[in-house]
Amino acid sequence: MCYNGALFLKQWRLPGFSRRIAVNTKLRLWIVVLLLAWSCTACGRLFPDQTNPSGAQRGEVLFQDDFSDPTSGWATWSQDQSAVAYESGGLRFRINQPRYDYWSRPGKRFGDAILSVDATRVSGPENNDFGLICRYRNGDNFYAFLISSDGYYGILRVQDGQYQVISAESLQSSEVIQRGSAVNQLQAECNGPVLSLLVNGTLLARAEDSTFRSGEVGVLAGTYDEPGVEILFDNFIVIKP
């Protein structure tokens with residue numbers, strides 16, 4: 001199920017800041033109706049940690065998807081020239097609205113987990129954001145591990161709809177992040193209160209936060225003032241820490 005919302009701005013340098021809401025009311029109502037319909041067909045996903053068995057061994061693969069099967073469970077949609085679809089051997093995001101985030105989830109819920117994904121900017125502005133989601137409770141409460149094609153990164157907590165960078169006072173810049181249309185390998189570790197973001201094998205950010213203990217996993221991509229971002233995700237993996 002998709003959810004839309006306004007995106008935080010990289011130039012804001014305060015320790016905490018609010019999302020700038022730019023949600024169309026009719027679109028919000030459509031999303032709520034569709035969410036209810038989807039949840040009725042997948043109510044088993046609401047129970048905690050069904051796919052994170054207590055007997056799993058460290059390093060064991062709990063879930064993986066190379067997006068070769070379009071029925072593997074990720075939410076897809078197309079509307080207002082924006083879309084998420086199984087395409088080009090991956091899960092492709094097209095976002096033609098300014099200052100919007102869109103995300104998709106496969107309906108898998110975990111407590112402690114290490115997530116990884118390959119992400120490529122296909123086209124559009126480098127001033128974008130994309131990455132991983134863990135411990136997703138609903139559209140207003142989750143952790144996000146994000147980078148941008150112009151080299152920024154950070155770990156964010158979204159709580160009651162408010163975005164806050166918790167890995168530093170603001171998003172940081174790193175040469176480790178491949179610019180332009182190069183592939184970046186992202187890894188997010190949610191292990192107890194410790195949250196870590198690795199990019200291309202290098203630890204870039206770490207935070208400690210106990211707000212969310214479990215929830216769904218997924219991927220996210222978004223725009224700033226300029227629309228037209230296209231991001232392709234591939235090789236999504238969840239392993240036991």
# chains A, B, ... in the order shown; residues from 1 in each chain; ligands from 1
call {"tool": "closest_atom_pairs", "arguments": {"of": "range 52-106 of chain A", "to": "range 138-149 of chain A", "cutoff": "12 Å", "atoms": "only C-alpha atoms", "output": "Markdown table"}}
result
| residue | atom | partner | partner_atom | distance |
| --- | --- | --- | --- | --- |
| A:Asp101 | CA | A:Gly139 | CA | 10.6 |
| A:Tyr102 | CA | A:Gly139 | CA | 10.1 |
| A:Trp103 | CA | A:Gly139 | CA | 9.2 |
| A:Ser104 | CA | A:Gly139 | CA | 10.8 |
| A:Arg105 | CA | A:Asn138 | CA | 11.1 |
call {"tool": "residues_around", "arguments": {"residues": "Phe236 in chain A", "least_positions_apart": "2", "cutoff": "8 Å", "atoms": "only C-alpha atoms", "output": "list in words"}}
result
Gln64, Asp65, Asp66, Leu115, Ser116, Val117, Asp118, Phe233, Asp234 and Val238 of chain A
call {"tool": "write_last_selection", "arguments": {"atoms": "C-alpha atoms", "output": "mmCIF file, in the first residue's frame"}}
result
data_model
loop_
_atom_site.group_PDB
_atom_site.id
_atom_site.type_symbol
_atom_site.label_atom_id
_atom_site.label_comp_id
_atom_site.auth_asym_id
_atom_site.auth_seq_id
_atom_site.Cartn_x
_atom_site.Cartn_y
_atom_site.Cartn_z
ATOM 1 C CA GLN A 64 14.589 -11.935 0.045
ATOM 2 C CA ASP A 65 13.231 -10.729 -3.281
ATOM 3 C CA ASP A 66 14.883 -9.912 -6.598
ATOM 4 C CA LEU A 115 18.005 -5.055 5.532
ATOM 5 C CA SER A 116 19.876 -4.484 2.302
ATOM 6 C CA VAL A 117 18.960 -3.366 -1.205
ATOM 7 C CA ASP A 118 20.602 -2.168 -4.401
ATOM 8 C CA PHE A 233 15.374 -1.116 -6.327
ATOM 9 C CA ASP A 234 16.736 -4.651 -6.648
ATOM 10 C CA VAL A 238 16.403 -9.336 5.264
#
call {"tool": "residues_around", "arguments": {"residues": "Gln172 in chain A", "least_positions_apart": "3", "cutoff": "9 Å", "atoms": "only C-alpha atoms", "output": "ChimeraX atom specification"}}
result
/A:151-154,168-169
call {"tool": "write_last_selection", "arguments": {"atoms": "all heavy atoms", "output": "compact mmCIF listing (two decimals), in the first residue's frame"}}
result
# COMPACT_ATOMS: atom_id res chain seq x y z
N GLY A 151 24.56 12.84 -2.72
CA GLY A 151 25.53 12.50 -1.70
C GLY A 151 25.16 12.69 -0.25
O GLY A 151 26.02 12.59 0.62
N TYR A 152 23.88 12.95 0.06
CA TYR A 152 23.47 13.12 1.46
C TYR A 152 22.97 11.80 2.04
O TYR A 152 22.54 10.90 1.30
CB TYR A 152 22.39 14.19 1.57
CG TYR A 152 22.92 15.59 1.47
CD1 TYR A 152 23.12 16.18 0.22
CD2 TYR A 152 23.22 16.34 2.60
CE1 TYR A 152 23.61 17.48 0.10
CE2 TYR A 152 23.71 17.63 2.50
CZ TYR A 152 23.91 18.20 1.25
OH TYR A 152 24.40 19.47 1.14
N TYR A 153 22.98 11.71 3.37
CA TYR A 153 22.51 10.50 4.04
C TYR A 153 22.04 10.83 5.44
O TYR A 153 22.40 11.87 6.03
CB TYR A 153 23.62 9.44 4.11
CG TYR A 153 24.77 9.83 5.02
CD1 TYR A 153 24.76 9.49 6.38
CD2 TYR A 153 25.86 10.56 4.54
CE1 TYR A 153 25.80 9.86 7.23
CE2 TYR A 153 26.90 10.92 5.37
CZ TYR A 153 26.87 10.58 6.70
OH TYR A 153 27.90 10.95 7.54
N GLY A 154 21.27 9.91 6.02
CA GLY A 154 20.86 10.06 7.40
C GLY A 154 19.87 8.99 7.81
O GLY A 154 19.25 8.33 6.98
N ALA A 168 22.33 12.54 13.45
CA ALA A 168 23.16 13.74 13.56
C ALA A 168 22.19 14.91 13.70
O ALA A 168 20.97 14.72 13.78
CB ALA A 168 24.06 13.91 12.34
N GLU A 169 22.73 16.13 13.72
CA GLU A 169 21.85 17.29 13.80
C GLU A 169 21.14 17.56 12.48
O GLU A 169 20.13 18.27 12.45
CB GLU A 169 22.65 18.52 14.23
CG GLU A 169 23.13 18.46 15.68
CD GLU A 169 23.72 19.76 16.15
OE1 GLU A 169 23.88 20.67 15.29
OE2 GLU A 169 24.02 19.88 17.34
call {"tool": "atom_distance", "arguments": {"atom1": "CA of Asn128 in chain A", "atom2": "CA of Val194 in chain A"}}
result
26.0 Å
call {"tool": "atom_distance", "arguments": {"atom1": "CA of Ala119 in chain A", "atom2": "CA of Asp150 in chain A"}}
result
13.8 Å
call {"tool": "residues_around", "arguments": {"residues": "Arg213 in chain A", "least_positions_apart": "3", "cutoff": "8 Å", "atoms": "only C-alpha atoms", "output": "PyMOL selection string"}}
result
chain A and resi 111-112+135+192-193+210
call {"tool": "write_last_selection", "arguments": {"atoms": "C-alpha atoms", "output": "mmCIF file, in the first residue's frame"}}
result
data_model
loop_
_atom_site.group_PDB
_atom_site.id
_atom_site.type_symbol
_atom_site.label_atom_id
_atom_site.label_comp_id
_atom_site.auth_asym_id
_atom_site.auth_seq_id
_atom_site.Cartn_x
_atom_site.Cartn_y
_atom_site.Cartn_z
ATOM 1 C CA GLY A 111 11.687 -6.984 15.265
ATOM 2 C CA ASP A 112 15.479 -7.109 14.893
ATOM 3 C CA ARG A 135 9.768 -1.038 12.002
ATOM 4 C CA GLY A 192 17.433 -3.546 19.580
ATOM 5 C CA PRO A 193 17.805 0.220 20.088
ATOM 6 C CA SER A 210 13.703 2.711 21.292
#
call {"tool": "atom_distance", "arguments": {"atom1": "CA of Leu132 in chain A", "atom2": "CA of Ala188 in chain A"}}
result
6.8 Å
call {"tool": "residues_around", "arguments": {"residues": "Gln178 in chain A", "least_positions_apart": "2", "cutoff": "10 Å", "atoms": "only C-alpha atoms", "output": "list of chain:residue names"}}
result
A:Thr120, A:Ile147, A:Ser148, A:Ser149, A:Asp150, A:Gly151, A:Ser174, A:Glu175, A:Val176, A:Gly180, A:Ser181, A:Ala182, A:Val183, A:Asn184, A:Gln185, A:Val199, A:Asn200
call {"tool": "closest_atom_pairs", "arguments": {"of": "range 86-204 of chain A", "to": "range 78-82 of chain A", "cutoff": "7 Å", "atoms": "only C-alpha atoms", "output": "JSON lines"}}
result
{"residue": "A:Arg94", "atom": "CA", "partner": "A:Ser82", "partner_atom": "CA", "distance": 5.1}
{"residue": "A:Ile95", "atom": "CA", "partner": "A:Ser82", "partner_atom": "CA", "distance": 4.7}
{"residue": "A:Asn96", "atom": "CA", "partner": "A:Ser82", "partner_atom": "CA", "distance": 5.4}
call {"tool": "residues_around", "arguments": {"residues": "Ala56 in chain A", "least_positions_apart": "5", "cutoff": "9 Å", "atoms": "only C-alpha atoms", "output": "JSON list (two decimals) with C-alpha atoms, in the first residue's frame"}}
result
[["chain", "number", "residue", "atom", "x", "y", "z"],
["A", 61, "VAL", "CA", 18.04, -15.06, 5.50],
["A", 62, "LEU", "CA", 14.53, -14.27, 6.72],
["A", 240, "LYS", "CA", 18.82, -12.10, 11.26]]
